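Trainee: Take this structure first; my questions come after.
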Amino acid sequence: MSKGVVSKDEDYSQWYNDLVIKADMAEYSPVKGCMIIKPYGYSIWEKMQAVLDGMFKETGHVNAYFPMMIPKSFFSKEASHVEGFAKECAVVTHYRLKTDENGQVVVDETAKLEEELILRPTSETIIWNTYRGWIQSYRDLPILVNQWANVVRWEMRTRLFLRTTEFLWQEGHTAHATADEAIAETEQMLGVYADFAENWMALPVVKGKKTANERFAGALDTYCIEALMQDGKALQAGTSHFLGQNFAKAFDVKFTNKENKLDYVWATSWGVSTRLIGALIMAHSDDAGLVLPPKLAPIQVVVVPIYKHEEELENISGFVKELTRDLKAKNISVKFDKRDTHRPGAKFAEYELKGVPLRVAIGSRDMQNGTVELARRDTKTKETVNQEGLAMHIEGLLEEIQNNIYQKAFSFRAENTTEVDSYDEFKRLLDEQPGFISAHWDGTSETEQQIKDETKATIRCIPLDNKKEEGKCILTGKPSTQRVLFARAY
RNA sequence: CGGGAUGUAGCGUAGCCCGGUAUCGCGCCACAUUUGGGAUGUGGAGGCCGCAGGUUCGAAUCCUGCCAUCCCGACCA
């Protein structure tokens, strides 16, 4: 176990917190509920951004930027939307400070805003208010815009990366001429998220639809990807909403269609946030620290020289220089840690904590033998390999590690997903072997709510590829036609 | 917003019951020896004891008020 990190079996949430802090991902800030994302954590976000941004562009989207502050009145235009966010909005009321007679900085009460501004909890309102001016004809459609931004949601309780008052995300907001086209867009972006989660984060996800209870405020349908964490709790990793014509009606966004008739525009919105970093940590890491998938690791390979004299280091450096060149040619990021202030053992522990997928250790012994020692972070195994062809070997290993991490998470999810047909069994499983539970449900909000009240488990989603079969609701015994996915969630 | 707890060096803590200007570990700095799994020795720096009052000759310690943070609930990407 790594120093200063509690075992994940002993206290999962403490383990998570310890990892975030000790691995130098983030720290607490003086502002309640807000964290400081440190360079190492932020570089993972940058990698995620780069990949996702590429995927968005690939599917025809462009980036834009809208104001962080939204007039309060905008929120009253879509009833269910304001209801969903009203309780967690930060409000700007003044625009000036002054120094009072005691030399204290205070709010200048004379500088009160006529209309308060809301720090965006999400941008549907200001964007749809803007789209009104952009759209007159079907020829103006579709609009496929994405925004990288920060948002503020004043949550009661926060957790590093998983839920903070301010967080970073991207939000796509698209406008379409038909419902079908908007639904296709919603589903397409869900696919993009699933692709990203599985192929880059090595995180298997279930694609599905939310029930009415869990739906986004203002949406007709909310699609999501759900992942299972190592403690058996579910985490919503991304959402894609079909908003129907709700926001178009609220903000009066009409267009003339091909038949020369006036109609409201169809909308979607979709987003993922820095929460993905939390998912990444919780899904793969162990007691020694982070385990990062090579495709998103800020440092993919670290080289630790072991030497007693300056000449030895020079000798090793010559080799490392060549290795670095070969790896860079393959787009593999390398760090050569030749700091003289830390001993090799300390470096080994540090890079394990930070989840660097591959470590190359090389000393005089290796230089004589023409070998290096290669250590994998995911399996914690070490092997001695020839220097010749090392870059190619590393390239293959990184791929293997990426696959192995995914497989491991996939098996874990398979082992912790259970079909259940009775409420007693359902409750027993939640306590004894938490995970996804696939069960029949009568389709009513009341039943879902009662199950939530009694067990804290919610319907994570109705999987898109779920089992369609006759059955009885585990709570009410009423007929059901399909299984849905339950879990306790973050 | 309800219930519980805690604030002492960068971090983690002892001291508080029973008042006398603060303990230990990690970390930090210097030097030396070390370097294939978190080095060792010697020396050193670092504190408005959360804040404000009160009691007292004297307060980290006792009393009052405030502030902040954390944990558990309801809310949530």
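Just remember, in the structure tokens the first chain shown is A, the second B, etc., residues are 1-based per chain, and ligands are 1-based in the order shown.
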Please report as a ChimeraX atom specification which residues of chain A come no farther than 7 Å from chain B, using only C-alpha atoms (C1' of nucleotides).

Mentor: /A:155-156,273,306-308,343-346,348-349

Trainee: Using DSSP on the backbone coordinates, identify the residues of stretch 19-79 of chain A assigned to alpha helix (DSSP H); present them as a ChimeraX atom specification.

Mentor: /A:19-22,39-58,79

Trainee: Save out the residues we just selected, N, CA, C and O atoms, as an mmCIF file, in the first residue's frame.

Mentor:
```
data_model
loop_
_atom_site.group_PDB
_atom_site.id
_atom_site.type_symbol
_atom_site.label_atom_id
_atom_site.label_comp_id
_atom_site.auth_asym_id
_atom_site.auth_seq_id
_atom_site.Cartn_x
_atom_site.Cartn_y
_atom_site.Cartn_z
ATOM 1 N N LEU A 19 -6.222 9.358 -2.740
ATOM 2 C CA LEU A 19 -5.600 9.246 -4.064
ATOM 3 C C LEU A 19 -5.585 10.584 -4.786
ATOM 4 O O LEU A 19 -4.567 10.985 -5.354
ATOM 5 N N VAL A 20 -6.711 11.259 -4.778
ATOM 6 C CA VAL A 20 -6.798 12.534 -5.487
ATOM 7 C C VAL A 20 -5.749 13.503 -4.958
ATOM 8 O O VAL A 20 -5.048 14.161 -5.726
ATOM 9 N N ILE A 21 -5.613 13.541 -3.641
ATOM 10 C CA ILE A 21 -4.682 14.480 -3.022
ATOM 11 C C ILE A 21 -3.226 14.021 -3.203
ATOM 12 O O ILE A 21 -2.380 14.781 -3.662
ATOM 13 N N LYS A 22 -2.959 12.771 -2.857
ATOM 14 C CA LYS A 22 -1.570 12.282 -2.878
ATOM 15 C C LYS A 22 -1.024 12.157 -4.300
ATOM 16 O O LYS A 22 0.178 12.285 -4.520
ATOM 17 N N PRO A 39 -1.827 20.717 -11.819
ATOM 18 C CA PRO A 39 -1.376 20.421 -13.193
ATOM 19 C C PRO A 39 -1.523 18.960 -13.608
ATOM 20 O O PRO A 39 -1.948 18.677 -14.729
ATOM 21 N N TYR A 40 -1.215 18.030 -12.718
ATOM 22 C CA TYR A 40 -1.293 16.628 -13.124
ATOM 23 C C TYR A 40 -2.740 16.209 -13.416
ATOM 24 O O TYR A 40 -3.008 15.503 -14.388
ATOM 25 N N GLY A 41 -3.654 16.667 -12.581
ATOM 26 C CA GLY A 41 -5.062 16.362 -12.817
ATOM 27 C C GLY A 41 -5.567 17.086 -14.056
ATOM 28 O O GLY A 41 -6.327 16.534 -14.857
ATOM 29 N N TYR A 42 -5.132 18.324 -14.196
ATOM 30 C CA TYR A 42 -5.619 19.108 -15.328
ATOM 31 C C TYR A 42 -5.121 18.544 -16.657
ATOM 32 O O TYR A 42 -5.818 18.610 -17.675
ATOM 33 N N SER A 43 -3.924 17.972 -16.640
ATOM 34 C CA SER A 43 -3.408 17.443 -17.909
ATOM 35 C C SER A 43 -4.234 16.243 -18.374
ATOM 36 O O SER A 43 -4.328 15.978 -19.566
ATOM 37 N N ILE A 44 -4.850 15.526 -17.444
ATOM 38 C CA ILE A 44 -5.756 14.448 -17.851
ATOM 39 C C ILE A 44 -7.001 15.053 -18.505
ATOM 40 O O ILE A 44 -7.475 14.573 -19.529
ATOM 41 N N TRP A 45 -7.491 16.125 -17.890
ATOM 42 C CA TRP A 45 -8.648 16.820 -18.479
ATOM 43 C C TRP A 45 -8.310 17.326 -19.880
ATOM 44 O O TRP A 45 -9.093 17.222 -20.810
ATOM 45 N N GLU A 46 -7.106 17.872 -20.046
ATOM 46 C CA GLU A 46 -6.709 18.365 -21.368
ATOM 47 C C GLU A 46 -6.696 17.241 -22.402
ATOM 48 O O GLU A 46 -7.093 17.427 -23.550
ATOM 49 N N LYS A 47 -6.230 16.071 -21.962
ATOM 50 C CA LYS A 47 -6.236 14.932 -22.889
ATOM 51 C C LYS A 47 -7.663 14.545 -23.253
ATOM 52 O O LYS A 47 -7.969 14.255 -24.419
ATOM 53 N N MET A 48 -8.522 14.507 -22.253
ATOM 54 C CA MET A 48 -9.929 14.178 -22.505
ATOM 55 C C MET A 48 -10.541 15.193 -23.465
ATOM 56 O O MET A 48 -11.235 14.825 -24.416
ATOM 57 N N GLN A 49 -10.266 16.462 -23.184
ATOM 58 C CA GLN A 49 -10.803 17.527 -24.031
ATOM 59 C C GLN A 49 -10.368 17.356 -25.479
ATOM 60 O O GLN A 49 -11.172 17.474 -26.397
ATOM 61 N N ALA A 50 -9.080 17.075 -25.640
ATOM 62 C CA ALA A 50 -8.547 16.988 -26.996
ATOM 63 C C ALA A 50 -9.244 15.873 -27.781
ATOM 64 O O ALA A 50 -9.631 16.059 -28.935
ATOM 65 N N VAL A 51 -9.399 14.728 -27.137
ATOM 66 C CA VAL A 51 -10.015 13.594 -27.822
ATOM 67 C C VAL A 51 -11.494 13.873 -28.107
ATOM 68 O O VAL A 51 -11.969 13.689 -29.236
ATOM 69 N N LEU A 52 -12.213 14.316 -27.074
ATOM 70 C CA LEU A 52 -13.642 14.583 -27.253
ATOM 71 C C LEU A 52 -13.874 15.677 -28.290
ATOM 72 O O LEU A 52 -14.744 15.569 -29.155
ATOM 73 N N ASP A 53 -13.060 16.729 -28.206
ATOM 74 C CA ASP A 53 -13.222 17.835 -29.140
ATOM 75 C C ASP A 53 -13.046 17.333 -30.574
ATOM 76 O O ASP A 53 -13.798 17.729 -31.476
ATOM 77 N N GLY A 54 -12.081 16.463 -30.753
ATOM 78 C CA GLY A 54 -11.875 15.866 -32.071
ATOM 79 C C GLY A 54 -13.102 15.082 -32.519
ATOM 80 O O GLY A 54 -13.519 15.157 -33.678
ATOM 81 N N MET A 55 -13.680 14.336 -31.606
ATOM 82 C CA MET A 55 -14.874 13.553 -31.931
ATOM 83 C C MET A 55 -16.057 14.454 -32.268
ATOM 84 O O MET A 55 -16.850 14.149 -33.174
ATOM 85 N N PHE A 56 -16.180 15.551 -31.549
ATOM 86 C CA PHE A 56 -17.285 16.478 -31.835
ATOM 87 C C PHE A 56 -17.126 17.091 -33.231
ATOM 88 O O PHE A 56 -18.078 17.203 -33.993
ATOM 89 N N LYS A 57 -15.909 17.495 -33.515
ATOM 90 C CA LYS A 57 -15.659 18.114 -34.824
ATOM 91 C C LYS A 57 -15.911 17.091 -35.930
ATOM 92 O O LYS A 57 -16.484 17.407 -36.982
ATOM 93 N N GLU A 58 -15.474 15.873 -35.660
ATOM 94 C CA GLU A 58 -15.644 14.782 -36.617
ATOM 95 C C GLU A 58 -17.121 14.578 -36.956
ATOM 96 O O GLU A 58 -17.469 14.200 -38.071
ATOM 97 N N ALA A 79 -40.641 26.134 -17.349
ATOM 98 C CA ALA A 79 -41.071 25.847 -15.980
ATOM 99 C C ALA A 79 -40.295 24.703 -15.314
ATOM 100 O O ALA A 79 -39.781 24.850 -14.211
#
```

Trainee: Between atom CA of A:Met69 and atom CA of A:Phe255, measure the distance and give it in Å to one decimal.

Mentor: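 Spanning atom CA of A:Met69 to atom CA of A:Phe255 is a straight-line distance of 27.3 Å.
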
Trainee: Would you compute the distance between atom CA of A:Asn129 and atom CA of A:Leu113? Give it in Å to one decimal.

Mentor: 20.7 Å

Trainee: Assign secondary structure with DSSP using the backbone only, and return the residues of stretch 36-196 of chain A in strand (DSSP E or B) as a ChimeraX atom specification.

Mentor: /A:36-37,62-63,69-71,91-94,97-99,105-107,112-119,137,143-152,159,163,166-176

Trainee: So that I can see what lies close to stretch 137-143 of chain A, please list as a ChimeraX atom specification the residues with an atom at most 6 Å from it, counting only C-alpha atoms (C1' of nucleotides) and leaving out residues fewer than 6 positions away in the same chain.

Mentor: /A:174-176,255-257

Trainee: Could you save the residues just selected, with C-alpha atoms, as an mmCIF file, in the first residue's frame?

Mentor:
```cif
data_model
loop_
_atom_site.group_PDB
_atom_site.id
_atom_site.type_symbol
_atom_site.label_atom_id
_atom_site.label_comp_id
_atom_site.auth_asym_id
_atom_site.auth_seq_id
_atom_site.Cartn_x
_atom_site.Cartn_y
_atom_site.Cartn_z
ATOM 1 C CA THR A 174 -28.071 21.660 -31.202
ATOM 2 C CA ALA A 175 -31.103 22.877 -33.113
ATOM 3 C CA HIS A 176 -32.938 20.822 -35.728
ATOM 4 C CA PHE A 255 -38.479 28.670 -38.342
ATOM 5 C CA THR A 256 -40.186 28.376 -41.711
ATOM 6 C CA ASN A 257 -40.038 24.816 -42.957
#
```
